[in-house]
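For reference, the structure is listed below as structure tokens.
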Amino acid sequence: KRKIAVMTSGGDSPGMNSAVRAVVRAGIYYGCDVYAVYEGYEGLLQGGDLLRKMEWQDVRGWLSEGGTLIGTARCMGFKERKGRKQAAANLITQGIDALVVCGGDGSLTGADLFRSEWPSLVEELVNDGVFTAERVEPYRNLKIVGLVGSIDNDMSGTDSTIGAYSALERICEMVDYIDATAKSHSRAFVVEVMGRHCGWLALMAGIATGADYIFIPERAAPAGEWQAELKKVCQAHRDKGRRNNTVIVAEGALDNNLKSITAEEVKDALVDLGLDTKITTLGHVQRGGTAVAHDRWLATLQGVDAVKAILEMTPETPSPLIGILENKIIRVPLMESVKLTKSVATAIESQDFDKAISLRDTEFIE
Ligand code: ADP
């Protein structure tokens, strides 16, 4: 019987449980044994109790659970070849040669590396006398399929990542709460949201809540000039009768000298304008709570396709990433998407902000 494993890795995101549920159930439906790897790559390294066979009923009710119930962790050991060799040994011991990884670009890069090294890791395990050549024969190749779990919506080649719409929904809810009190006192609020290299959450939340101004990494604000521009815009909105101001700052917001723009600095500019200004850093509430419907169906359809992709893969097939493009579930070569994603960060680092914006799939507003 074919054995596949599913794991979550990197930062958690709402919808990861829906993805695990879908892989478990689709795997069983297609006649496979499905294992869950607990605690991200740490579970692969330790094996044993962290590699558990899952039954149909084990994932009952998981669609609506936030976070990831099989746990996630950052694992230094997996970044070393020695750790990946141990991981390979643990998988072969269980007879598993296919892995669905739901995580961010770091996790997926690690997974792709693991696959490319696999044949040589297996060879070494045989040479070390851990397994006989006969024992490893059915497991000469590893199959990897990637699902993107990330609240930042920061992966190229796919319209939305699992968890992004849940985080966006939460941010909008929080900004609505803030608006009520802000309007009462005629205050300004600077709201800091997550997104280190990616301004999607800040941008979409800003549009959805009618924010006065938005700071994102891809569209760096002109150093030394943005304060005046910000004040002008907020004043103009006040002149039109607005009783509050909302400024959304992505945690990775930058000026065009690559200096980070902090909520404190934004507040200072607004205070300078004479506004009673408060800062709210939303923090981890953005990750919490149940997944919105979008993330549930996205993770479900993608989880099912991940299993199909595994069953169709040959050793020559590049590891696929299951994405969504124009409402269709698609497969794209995983490393191409990761490379494109990294090129956005590189463009930002080299101050080529126009390129950073053009590399984003989302329609960024000029
Ligand atoms: P994300 O997947 O959200 O981008 P990280 O970058 O922290 O999060 O990666 C999660 C885990 O994936 C790391 O703790 C590590 O175990 C593994 N990983 C990340 N990058 C690599 C890499 N280049 N090689 C091997 N493993 C990696």
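Letters A, B, ... mark the chains of the structure tokens in the order given; residue numbers begin at 1 per chain; ligand numbers begin at 1, in order shown.
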Mind running chain A against ligand 1 at 6 Å and telling me each contacting residue's nearest atom pair with the distance in Å (one decimal), counting only C-alpha atoms and all ligand atoms, chain and number ascending, as CSV?
```
residue,atom,partner,partner_atom_place_in_ligand_line,distance
A:Ser9,CA,ligand 1,10 (C),5.5
A:Gly10,CA,ligand 1,8 (O),3.5
A:Gly11,CA,ligand 1,3 (O),4.6
A:Tyr41,CA,ligand 1,16 (O),5.5
A:Arg74,CA,ligand 1,14 (O),3.2
A:Cys75,CA,ligand 1,16 (O),3.7
A:Met76,CA,ligand 1,16 (O),5.2
A:Phe78,CA,ligand 1,16 (O),4.7
A:Lys79,CA,ligand 1,25 (C),3.8
A:Gly103,CA,ligand 1,2 (O),4.6
A:Gly104,CA,ligand 1,2 (O),3.3
A:Asp105,CA,ligand 1,4 (O),4.3
A:Gly106,CA,ligand 1,6 (O),3.4
A:Ser107,CA,ligand 1,12 (O),3.6
A:Thr109,CA,ligand 1,23 (N),5.4
A:Gly110,CA,ligand 1,25 (C),3.5
```
I need the residues from that last selection saved to file as a PDB file, in the first residue's frame (with C-alpha atoms), if you can.
```
ATOM      1  CA  SER A   9       5.849  23.914   8.702  1.00  0.00           C
ATOM      2  CA  GLY A  10       6.974  27.501   9.268  1.00  0.00           C
ATOM      3  CA  GLY A  11       4.500  30.062  10.573  1.00  0.00           C
ATOM      4  CA  TYR A  41      10.532  19.070  10.241  1.00  0.00           C
ATOM      5  CA  ARG A  74      11.268  25.992  13.164  1.00  0.00           C
ATOM      6  CA  CYS A  75      13.826  23.237  12.924  1.00  0.00           C
ATOM      7  CA  MET A  76      17.514  24.058  12.647  1.00  0.00           C
ATOM      8  CA  PHE A  78      16.681  20.052   8.952  1.00  0.00           C
ATOM      9  CA  LYS A  79      18.900  22.765   7.495  1.00  0.00           C
ATOM     10  CA  GLY A 103       4.285  25.966   4.647  1.00  0.00           C
ATOM     11  CA  GLY A 104       6.014  29.097   3.429  1.00  0.00           C
ATOM     12  CA  ASP A 105       8.887  29.533   0.990  1.00  0.00           C
ATOM     13  CA  GLY A 106      11.488  28.419   3.565  1.00  0.00           C
ATOM     14  CA  SER A 107       9.696  25.145   4.249  1.00  0.00           C
ATOM     15  CA  THR A 109      12.784  25.230  -0.296  1.00  0.00           C
ATOM     16  CA  GLY A 110      13.817  22.720   2.373  1.00  0.00           C
TER      17      GLY A 110
END
```
May I have all residues of stretch 156-308 of chain A that DSSP, computed from the backbone, assigns to strand (DSSP E or B), given as a PyMOL selection string?
chain A and resi 162+188-193+213-215+221+245-250+254-255+260+277-281
For A:Tyr165, find every residue with an atom within 9 Å (counting only C-alpha atoms), except residues of its own chain fewer than 2 positions away, and show them as a list in words.
Pro14, Ile151, Asn153, Ser160, Thr161, Ile162, Gly163, Ala167, Leu168, Glu169, Arg170, Leu201, Ala291, Val292, Ala293, His294 and Asp295 of chain A
Find, counting only C-alpha atoms, the residue in A:Ser116, A:Gln286, A:Thr8, A:Thr314 that gets nearest to A:Glu192.
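Of the candidates, the smallest distance to A:Glu192 is held by A:Gln286.
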Which value, in Å to one decimal, gives the distance between atom CA of A:Asp276 and atom CA of A:Ala180?
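Going from atom CA of A:Asp276 over to atom CA of A:Ala180 covers 15.0 Å.
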Using DSSP assignments from the backbone, pull out every residue in stretch 145-327 of chain A that falls under alpha helix (DSSP H) and give it to me as a ChimeraX atom specification.
/A:164-185,200-209,226-239,263-272,293-312
Write to file, as a short mmCIF file (atom, residue, chain, number, x, y, z; two decimals), in the first residue's frame, the residues of the selection just made, with C-alpha atoms.
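out_12.cif was written with the following content:
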```
data_model
loop_
_atom_site.label_atom_id
_atom_site.label_comp_id
_atom_site.auth_asym_id
_atom_site.auth_seq_id
_atom_site.Cartn_x
_atom_site.Cartn_y
_atom_site.Cartn_z
CA ALA A 164 -4.27 35.06 3.82
CA TYR A 165 -7.99 35.79 3.54
CA SER A 166 -8.57 34.75 7.17
CA ALA A 167 -5.88 37.15 8.38
CA LEU A 168 -7.28 39.89 6.13
CA GLU A 169 -10.77 39.33 7.50
CA ARG A 170 -9.46 39.56 11.07
CA ILE A 171 -7.61 42.79 10.34
CA CYS A 172 -10.68 44.37 8.78
CA GLU A 173 -12.79 43.38 11.77
CA MET A 174 -10.25 44.94 14.14
CA VAL A 175 -10.02 48.15 12.10
CA ASP A 176 -13.82 48.39 12.19
CA TYR A 177 -13.68 48.14 15.99
CA ILE A 178 -11.01 50.81 16.12
CA ASP A 179 -12.97 53.07 13.76
CA ALA A 180 -15.93 53.15 16.14
CA THR A 181 -13.90 54.51 19.02
CA ALA A 182 -11.75 56.70 16.77
CA LYS A 183 -14.81 58.46 15.36
CA SER A 184 -16.21 58.99 18.84
CA HIS A 185 -13.09 60.87 19.97
CA TRP A 200 -0.73 42.45 0.49
CA LEU A 201 -2.41 42.37 3.92
CA ALA A 202 -1.84 46.08 4.52
CA LEU A 203 -2.93 47.05 1.02
CA MET A 204 -6.08 44.94 0.91
CA ALA A 205 -7.05 45.86 4.47
CA GLY A 206 -6.54 49.51 3.61
CA ILE A 207 -8.82 49.25 0.59
CA ALA A 208 -11.42 47.21 2.46
CA THR A 209 -11.62 49.63 5.39
CA TRP A 226 6.33 61.08 3.12
CA GLN A 227 5.48 62.91 6.34
CA ALA A 228 4.29 66.00 4.45
CA GLU A 229 2.36 63.87 1.96
CA LEU A 230 0.70 61.86 4.75
CA LYS A 231 -0.34 65.03 6.57
CA LYS A 232 -1.73 66.55 3.38
CA VAL A 233 -3.88 63.49 2.66
CA CYS A 234 -5.19 63.16 6.22
CA GLN A 235 -5.96 66.87 6.39
CA ALA A 236 -7.80 66.71 3.07
CA HIS A 237 -9.97 63.89 4.42
CA ARG A 238 -10.65 65.88 7.60
CA ASP A 239 -11.62 68.88 5.47
CA ALA A 263 4.26 53.12 13.57
CA GLU A 264 5.92 55.57 16.02
CA GLU A 265 7.25 57.72 13.18
CA VAL A 266 3.87 57.72 11.47
CA LYS A 267 2.23 58.71 14.74
CA ASP A 268 4.72 61.57 15.21
CA ALA A 269 3.77 62.99 11.82
CA LEU A 270 0.06 62.85 12.67
CA VAL A 271 0.61 64.41 16.10
CA ASP A 272 2.50 67.14 14.30
CA ALA A 293 -14.71 30.04 3.96
CA HIS A 294 -12.22 31.00 1.21
CA ASP A 295 -9.31 29.40 3.02
CA ARG A 296 -11.33 26.30 3.88
CA TRP A 297 -12.34 25.50 0.31
CA LEU A 298 -8.97 26.54 -1.07
CA ALA A 299 -7.13 24.22 1.32
CA THR A 300 -9.60 21.42 0.66
CA LEU A 301 -9.39 21.56 -3.14
CA GLN A 302 -5.62 21.97 -3.01
CA GLY A 303 -5.18 19.13 -0.51
CA VAL A 304 -7.13 16.78 -2.78
CA ASP A 305 -5.05 17.85 -5.78
CA ALA A 306 -1.84 17.36 -3.78
CA VAL A 307 -2.72 13.69 -3.34
CA LYS A 308 -3.58 13.35 -7.04
CA ALA A 309 -0.28 15.03 -7.95
CA ILE A 310 1.64 12.55 -5.81
CA LEU A 311 -0.07 9.61 -7.45
CA GLU A 312 0.69 10.99 -10.93
#
```
Skip stretch 46-59 of chain A itself and residues of its chain fewer than 5 positions away, then list as number ranges by chain all residues within 6 Å of it, counting only C-alpha atoms.
A: 21, 25, 34-38, 90
Using only C-alpha atoms for the distances, tell me which of A:Asn327, A:Pro320, A:Ile96, A:Asn256 is nearest to A:Asp33.
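Selected residue with least distance to A:Asp33: A:Ile96.
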Closest to A:Asn257 among A:Thr290, A:Ile4, A:Pro217, A:Thr277, using only C-alpha atoms?
A:Pro217
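Residues within 9 Å of stretch 81-85 of chain A, counting only C-alpha atoms and excluding same-chain residues fewer than 6 positions away, are Leu44, Leu45, Phe114, Glu117, Trp118, Leu121, Val122, Glu124 and Leu125 of chain A.
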What's the separation between atom CA of A:Val145 and atom CA of A:Ile329, in Å to one decimal place?
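According to the coordinates, atom CA of A:Val145 and atom CA of A:Ile329 are separated by 13.8 Å.
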Env of A:Arg196: 9 Å cut, atoms = only C-alpha atoms, seq-sep filter 6 positions within chain, self excluded. Answer as a ChimeraX atom specification.
/A:152,217,250-253
Could those residues be written to a file, using C-alpha atoms, as a JSON list (two decimals), in the first residue's frame?
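As a result, selection.json now contains:
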```json
[["chain", "number", "residue", "atom", "x", "y", "z"],
["A", 152, "ASP", "CA", 1.05, 37.12, 4.08],
["A", 217, "PRO", "CA", 7.47, 47.47, 1.46],
["A", 250, "ALA", "CA", 2.89, 46.81, 7.14],
["A", 251, "GLU", "CA", 5.54, 45.58, 9.57],
["A", 252, "GLY", "CA", 8.02, 45.54, 6.68],
["A", 253, "ALA", "CA", 7.19, 49.06, 5.45]]
```
Computed gap from atom CA of A:Gly31 to atom CA of A:Lys3 is 9.3 Å
Check the smallest atom-to-atom distance from each of A:Ser358, A:Ser186, A:Thr158, A:Thr280 to A:Val332 using only C-alpha atoms, then report the winner.
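Of A:Ser358, A:Ser186, A:Thr158, A:Thr280, the one nearest A:Val332, counting only C-alpha atoms, is A:Thr158.
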Smallest atom-to-atom distance to A:Ser319: which of A:Ala73, A:Val20, A:Leu113, A:Val249, using only C-alpha atoms?
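Ranking A:Ala73, A:Val20, A:Leu113, A:Val249 by distance to A:Ser319, first place goes to A:Leu113.
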Using only C-alpha atoms, the shortest atom-to-atom distance to A:Lys342 among A:Cys198, A:Leu273, A:Leu282, A:Val126 belongs to A:Cys198
Test item: residues at most 10 Å from A:Gln351, only C-alpha atoms, excluding those fewer than 4 positions along its chain, as number ranges by chain:
A: 218-220, 255-258, 345-347, 355-356
